[in-house]
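Structure data follow from start-v6.cif (mmCIF, C-alpha atoms):
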data_upload
loop_
_atom_site.label_atom_id
_atom_site.label_comp_id
_atom_site.auth_asym_id
_atom_site.auth_seq_id
_atom_site.Cartn_x
_atom_site.Cartn_y
_atom_site.Cartn_z
CA MET A 169 14.33 -4.25 -17.34
CA PRO A 170 14.76 -7.66 -15.73
CA LYS A 171 15.36 -9.34 -19.09
CA ALA A 172 18.17 -6.90 -19.95
CA THR A 173 19.78 -7.63 -16.58
CA ALA A 174 19.34 -11.37 -17.14
CA VAL A 175 20.97 -11.10 -20.58
CA TRP A 176 24.00 -9.37 -19.04
CA LEU A 177 24.27 -11.88 -16.17
CA ILE A 178 24.10 -14.83 -18.60
CA GLU A 179 26.75 -13.35 -20.89
CA ASN A 180 29.16 -12.09 -18.23
CA THR A 181 28.88 -14.42 -15.22
CA SER A 182 28.81 -18.11 -14.37
CA LEU A 183 25.72 -17.86 -12.17
CA THR A 184 23.14 -20.64 -12.34
CA PHE A 185 19.81 -20.15 -14.08
CA ASP A 186 18.07 -20.38 -10.71
CA GLN A 187 20.22 -17.59 -9.24
CA ILE A 188 19.60 -15.32 -12.22
CA ALA A 189 15.88 -16.10 -12.27
CA ASP A 190 15.57 -15.37 -8.54
CA PHE A 191 17.43 -12.07 -8.81
CA CYS A 192 15.63 -10.85 -11.94
CA GLY A 193 12.17 -12.07 -10.93
CA LEU A 194 11.88 -14.35 -13.95
CA HIS A 195 11.04 -18.02 -14.30
CA ARG A 196 13.96 -20.43 -14.58
CA LEU A 197 12.77 -21.63 -18.00
CA GLU A 198 12.61 -18.05 -19.24
CA VAL A 199 16.24 -17.54 -18.21
CA GLN A 200 17.15 -20.78 -19.96
CA GLY A 201 15.32 -19.52 -23.07
CA ILE A 202 17.36 -16.30 -22.94
CA ALA A 203 20.56 -18.36 -22.73
CA ASP A 204 19.43 -20.50 -25.69
CA GLY A 205 18.62 -17.40 -27.74
CA GLU A 206 14.92 -18.17 -27.98
CA VAL A 207 13.74 -15.38 -25.68
CA ALA A 208 14.78 -11.71 -25.51
CA LYS A 209 16.26 -11.59 -29.00
CA GLY A 210 17.77 -8.19 -29.68
CA ILE A 211 17.70 -7.05 -26.06
CA ALA A 212 21.00 -5.45 -25.07
CA GLY A 213 22.27 -6.51 -21.67
CA THR A 214 22.30 -4.00 -18.82
CA SER A 215 24.94 -4.32 -16.14
CA PRO A 216 23.46 -4.44 -12.63
CA ILE A 217 26.88 -3.37 -11.35
CA ALA A 218 26.84 -0.17 -13.45
CA THR A 219 23.29 0.64 -12.33
CA GLY A 220 24.25 0.12 -8.68
CA GLN A 221 21.86 -2.76 -8.05
CA ILE A 222 24.56 -5.17 -6.98
CA SER A 223 28.30 -5.28 -6.33
CA ALA A 224 30.92 -7.30 -8.20
CA GLU A 225 31.85 -8.96 -4.89
CA GLU A 226 28.28 -10.19 -4.49
CA ILE A 227 28.37 -11.75 -7.96
CA SER A 228 31.70 -13.47 -7.32
CA ARG A 229 30.40 -14.75 -3.95
CA CYS A 230 27.40 -16.36 -5.65
CA GLU A 231 29.50 -17.75 -8.49
CA LYS A 232 31.49 -19.70 -5.89
CA ASP A 233 28.34 -20.88 -4.07
CA PRO A 234 25.65 -22.18 -6.50
CA THR A 235 23.08 -22.23 -3.69
CA GLY A 236 23.72 -18.59 -2.73
CA ARG A 237 21.21 -15.89 -3.59
CA LEU A 238 22.17 -12.49 -4.98
CA GLN A 239 21.35 -9.65 -2.61
CA LEU A 240 20.51 -6.13 -3.78
CA ALA A 241 22.87 -3.37 -2.69
CA GLN A 242 21.82 -1.79 0.61
CA GLU A 243 21.33 1.63 -1.03
CA VAL A 244 18.84 0.12 -3.50
CA VAL A 245 16.96 -1.64 -0.70
CA GLU A 246 16.65 1.63 1.25
CA LEU A 247 15.55 3.47 -1.89
CA LEU A 248 12.85 0.87 -2.57
CA ARG A 249 11.62 1.04 1.03
CA ASN A 250 11.43 4.84 0.91
CA GLN A 251 9.54 4.73 -2.39
CA GLN A 252 7.03 2.26 -0.96
CA ARG A 253 6.51 4.42 2.13
CA SER A 254 6.09 7.65 0.18
CA LYS A 255 3.88 6.13 -2.50
CA ARG A 256 0.33 7.14 -1.72
CA SER A 257 -2.27 6.16 -4.18
CA SER A 258 -4.91 8.77 -4.61
CA LYS A 259 -8.36 7.43 -3.95
CA TYR A 260 -10.36 7.70 -7.11
CA THR A 261 -14.05 7.24 -6.58
CA PRO A 262 -16.11 6.60 -9.70
CA ILE A 263 -18.79 9.16 -10.47
CA ALA A 264 -21.49 6.58 -9.76
CA ARG A 265 -20.20 6.16 -6.18
CA ARG A 266 -19.63 9.83 -5.29
CA GLN A 267 -23.22 10.46 -4.25
CA ASP A 268 -22.86 7.63 -1.71
CA LYS A 269 -20.21 9.42 0.33
CA PRO A 270 -22.66 11.47 2.46
CA ASP A 271 -24.45 8.19 3.30
CA ALA A 272 -21.12 6.72 4.40
CA VAL A 273 -20.34 9.83 6.45
CA ALA A 274 -23.70 9.55 8.19
CA TRP A 275 -23.03 5.88 8.99
CA LEU A 276 -19.56 6.65 10.39
CA LEU A 277 -20.88 9.53 12.52
CA LYS A 278 -23.56 7.22 13.92
CA HIS A 279 -21.55 4.02 14.44
CA CYS A 280 -18.02 5.35 15.02
CA PRO A 281 -18.48 8.61 16.94
CA GLU A 282 -14.93 8.51 18.30
CA MET A 283 -13.46 8.92 14.80
CA THR A 284 -12.17 12.41 14.09
CA ASP A 285 -13.05 14.33 10.96
CA ALA A 286 -9.50 13.85 9.68
CA GLN A 287 -9.79 10.08 10.05
CA ILE A 288 -13.10 10.05 8.17
CA VAL A 289 -11.62 12.22 5.41
CA LYS A 290 -8.70 9.84 5.04
CA LEU A 291 -10.86 6.71 5.16
CA ILE A 292 -13.51 7.58 2.59
CA GLY A 293 -11.97 10.50 0.72
CA THR A 294 -14.50 13.20 1.48
CA THR A 295 -14.11 16.76 2.76
CA LYS A 296 -14.50 18.22 6.23
CA ALA A 297 -17.19 20.53 4.86
CA THR A 298 -19.26 17.52 3.81
CA ILE A 299 -18.77 15.89 7.21
CA ASN A 300 -19.84 19.05 9.03
CA ALA A 301 -22.84 19.51 6.72
CA VAL A 302 -24.02 15.95 7.40
CA ARG A 303 -23.38 16.30 11.14
CA ASP A 304 -25.21 19.65 11.35
CA ARG A 305 -27.93 18.39 9.00
CA THR A 306 -27.32 21.33 6.64
CA HIS A 307 -26.26 19.21 3.66
CA TRP A 308 -28.10 20.16 0.47
CA ASN A 309 -29.42 16.59 0.10
CA ILE A 310 -30.04 15.82 3.78
CA ALA A 311 -33.59 14.58 3.12
CA ASN A 312 -32.23 11.70 1.02
CA ILE A 313 -29.18 10.78 3.13
CA LYS A 314 -29.55 7.40 4.80
CA PRO A 315 -26.66 5.98 6.88
CA LYS A 316 -25.08 3.14 4.89
CA ASP A 317 -21.98 1.08 5.64
CA PRO A 318 -19.06 2.44 3.55
CA VAL A 319 -17.79 -1.12 3.03
CA LEU A 320 -21.08 -2.21 1.47
CA LEU A 321 -21.05 0.93 -0.67
CA GLY A 322 -17.57 0.00 -1.92
CA ILE A 323 -15.94 3.20 -0.67
CA CYS A 324 -13.44 1.51 1.66
CA THR A 325 -12.41 -1.99 2.68
CA GLN A 326 -13.42 -3.73 5.89
CA VAL A 327 -9.78 -4.01 6.90
CA ASN A 328 -9.23 -0.26 6.55
CA LEU A 329 -12.47 0.50 8.39
CA ASP A 330 -11.58 -1.83 11.27
CA ARG A 331 -8.04 -0.43 11.48
CA ALA A 332 -9.29 3.17 11.53
CA HIS A 333 -11.97 2.37 14.10
CA GLU A 334 -9.54 0.56 16.43
CA TYR A 335 -7.08 3.43 16.15
CA ALA A 336 -9.82 5.95 16.95
CA LYS A 337 -11.01 3.90 19.95
CA SER A 338 -7.46 3.64 21.33
CA LYS A 339 -6.98 7.41 20.95
CA PHE A 340 -10.34 8.01 22.62
CA GLN A 341 -9.45 5.71 25.55
CA ALA A 342 -6.10 7.50 25.93
CA LYS A 343 -7.92 10.84 26.13
CA LEU A 344 -10.28 9.45 28.78
CA GLN A 345 -7.35 8.24 30.86
CA GLU A 346 -5.59 11.57 30.41
CA TYR A 347 -8.56 13.32 32.02
CA ASN A 348 -8.94 10.58 34.66
CA ILE A 349 -12.35 9.53 33.40
CA ASP A 350 -12.84 5.80 33.95
CA GLU A 351 -15.93 5.22 31.89
CA VAL A 352 -18.46 7.26 30.05
CA SER A 353 -21.86 6.01 31.04
CA GLU A 354 -24.81 6.51 28.75
CA ASP A 355 -27.03 7.48 31.70
CA ASN A 356 -24.89 10.47 32.68
CA GLU A 357 -24.45 12.03 29.25
CA GLY A 358 -25.30 15.66 28.92
#
Write out the structure in this file as structure tokens.
Amino acid sequence: MPKATAVWLIENTSLTFDQIADFCGLHRLEVQGIADGEVAKGIAGTSPIATGQISAEEISRCEKDPTGRLQLAQEVVELLRNQQRSKRSSKYTPIARRQDKPDAVAWLLKHCPEMTDAQIVKLIGTTKATINAVRDRTHWNIANIKPKDPVLLGICTQVNLDRAHEYAKSKFQAKLQEYNIDEVSEDNEG
């Protein structure tokens, strides 16, 4: 509803087009078109004061200072931050890519052994049962599973993979230090 807010600000304040455009997320020429009656015909104005987006004092402050920028009310800013934090997009994997997940699991188990099952589940959107079946080689399609990079398969991004791997390595190093183990040598495994 940025246009409705812009309509109200144009009709009820003496703010500049730049200030209104910046606050509403519109282009300056679009705000000018609203003021000229060429854009947003028939849109009723919505008061940002009534909706709690901004205070009347903030508007009067910016009316006095044409270079000032309108600031959202602190409650709105906190609400937006909380919504962004809580917003988790579910990972939808197309049907054509779902059969690639065991290949990605095999690659992660081979190349990132310090990653926990929970981290792998979160990274590529599989289940712990699938991870255990690939690890134990009891997966129903184990004969056809070949370790493949999940980034090349399009299951995750390189940035997410690197972030998850670094996090797993740091956790692994912390565990080693907790048990006073300096280094795990490949010669002494077992």
Show me a table, sorted first by chain and then by increasing residue number, of the residues of region 219-292 of chain A having an atom at most 12 Å from region 338-341 of chain A, each with its shortest atom pair and the distance in Å to one decimal, counting only C-alpha atoms and written as a Markdown table.
| residue | atom | partner | partner_atom | distance |
| --- | --- | --- | --- | --- |
| A:Cys280 | CA | A:Phe340 | CA | 11.1 |
| A:Pro281 | CA | A:Phe340 | CA | 9.9 |
| A:Glu282 | CA | A:Phe340 | CA | 6.3 |
| A:Met283 | CA | A:Phe340 | CA | 8.5 |
| A:Thr284 | CA | A:Phe340 | CA | 9.8 |
| A:Gln287 | CA | A:Lys339 | CA | 11.6 |
Take the residues from that selection and write them out as a PDB file, in the coordinates of the input, keeping C-alpha atoms.
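And here's result-v2.pdb as it stands now:
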ATOM      1  CA  CYS A 280     -18.020   5.350  15.020  1.00  0.00           C
ATOM      2  CA  PRO A 281     -18.480   8.610  16.940  1.00  0.00           C
ATOM      3  CA  GLU A 282     -14.930   8.510  18.300  1.00  0.00           C
ATOM      4  CA  MET A 283     -13.460   8.920  14.800  1.00  0.00           C
ATOM      5  CA  THR A 284     -12.170  12.410  14.090  1.00  0.00           C
ATOM      6  CA  GLN A 287      -9.790  10.080  10.050  1.00  0.00           C
TER       7      GLN A 287
END
*For each of A:Thr219, A:Thr261, A:Thr306, A:Ser228, take the minimum atom-to-atom distance to Val244 (chain A), counting all atoms listed in the file, then give the residue where this is smallest.*
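Comparing A:Thr219, A:Thr261, A:Thr306, A:Ser228 against Val244 (chain A), the winner is A:Thr219.
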*Residue nearest Ile310 (chain A) among A:Gly210, A:Gly201, A:Pro270, A:Pro170 (counting all atoms listed in the file)*: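 Between A:Gly210, A:Gly201, A:Pro270, A:Pro170, the residue approaching Ile310 (chain A) most closely is A:Pro270.
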*Step by step, work through what the PyMOL selection byres ((chain A and resi 272) around 12) selects in the shown file, and finish by giving those residues as a PyMOL selection string.*
chain A and resi 265-271+273-280+288-289+291-294+298-299+302-303+313-324+329
*Calculate how many Å separate CA of Pro234 (chain A) from CA of Gln187 (chain A), rounding to one decimal.*
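Taking CA of Pro234 (chain A) and CA of Gln187 (chain A), their separation equals 7.6 Å.
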*Grab the CA of Phe185 (chain A) to CA of Leu197 (chain A) distance for me, in Å with one decimal place.*
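A separation of 8.2 Å between them.
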*Hey, which of A:Thr184, A:Gln326, A:Asn250, A:Gln200 ends up closest to Arg237 (chain A)? Count all atoms listed in the file.*
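Looking at the shortest contact to Arg237 (chain A), the residue is A:Thr184.
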_To one decimal place in Å, what is the distance between CA of Asp190 (chain A) and CA of Ile178 (chain A)?_
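About the pair CA of Asp190 (chain A) and CA of Ile178 (chain A): they are 13.2 Å apart.
The residues caught by the PyMOL selection byres ((chain A and resi 215) around 10) in this file are Ala172, Thr173, Ala174, Val175, Trp176, Leu177, Asn180, Ala212, Gly213, Thr214, Pro216, Ile217, Ala218, Thr219, Gly220, Gln221 and Ile222 of chain A.
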*Residue among A:Gly193, A:Lys171, A:Lys290, A:Glu246 lying closest to Asn328 (chain A), counting all atoms listed in the file*: A:Lys290
*Which of these, A:Asn312, A:Ser182, A:Ser223, A:Asn348, has the shortest distance to Glu243 (chain A) once you count only C-alpha atoms?*
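Comparing A:Asn312, A:Ser182, A:Ser223, A:Asn348 against Glu243 (chain A), the winner is A:Ser223.
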Adding 3 Å on each side of the box along x, y and z that holds all listed atoms of region 278-293 of chain A, could you give its centre and edge lengths in Å to one decimal, as AutoDock Vina command-line options?
--center_x -16.1 --center_y 9.2 --center_z 9.5 --size_x 20.9 --size_y 16.3 --size_z 23.6
*Closest to Ile227 (chain A) among A:Leu183, A:Ala342, A:Ala336, A:Val199, using all atoms listed in the file?*
A:Leu183
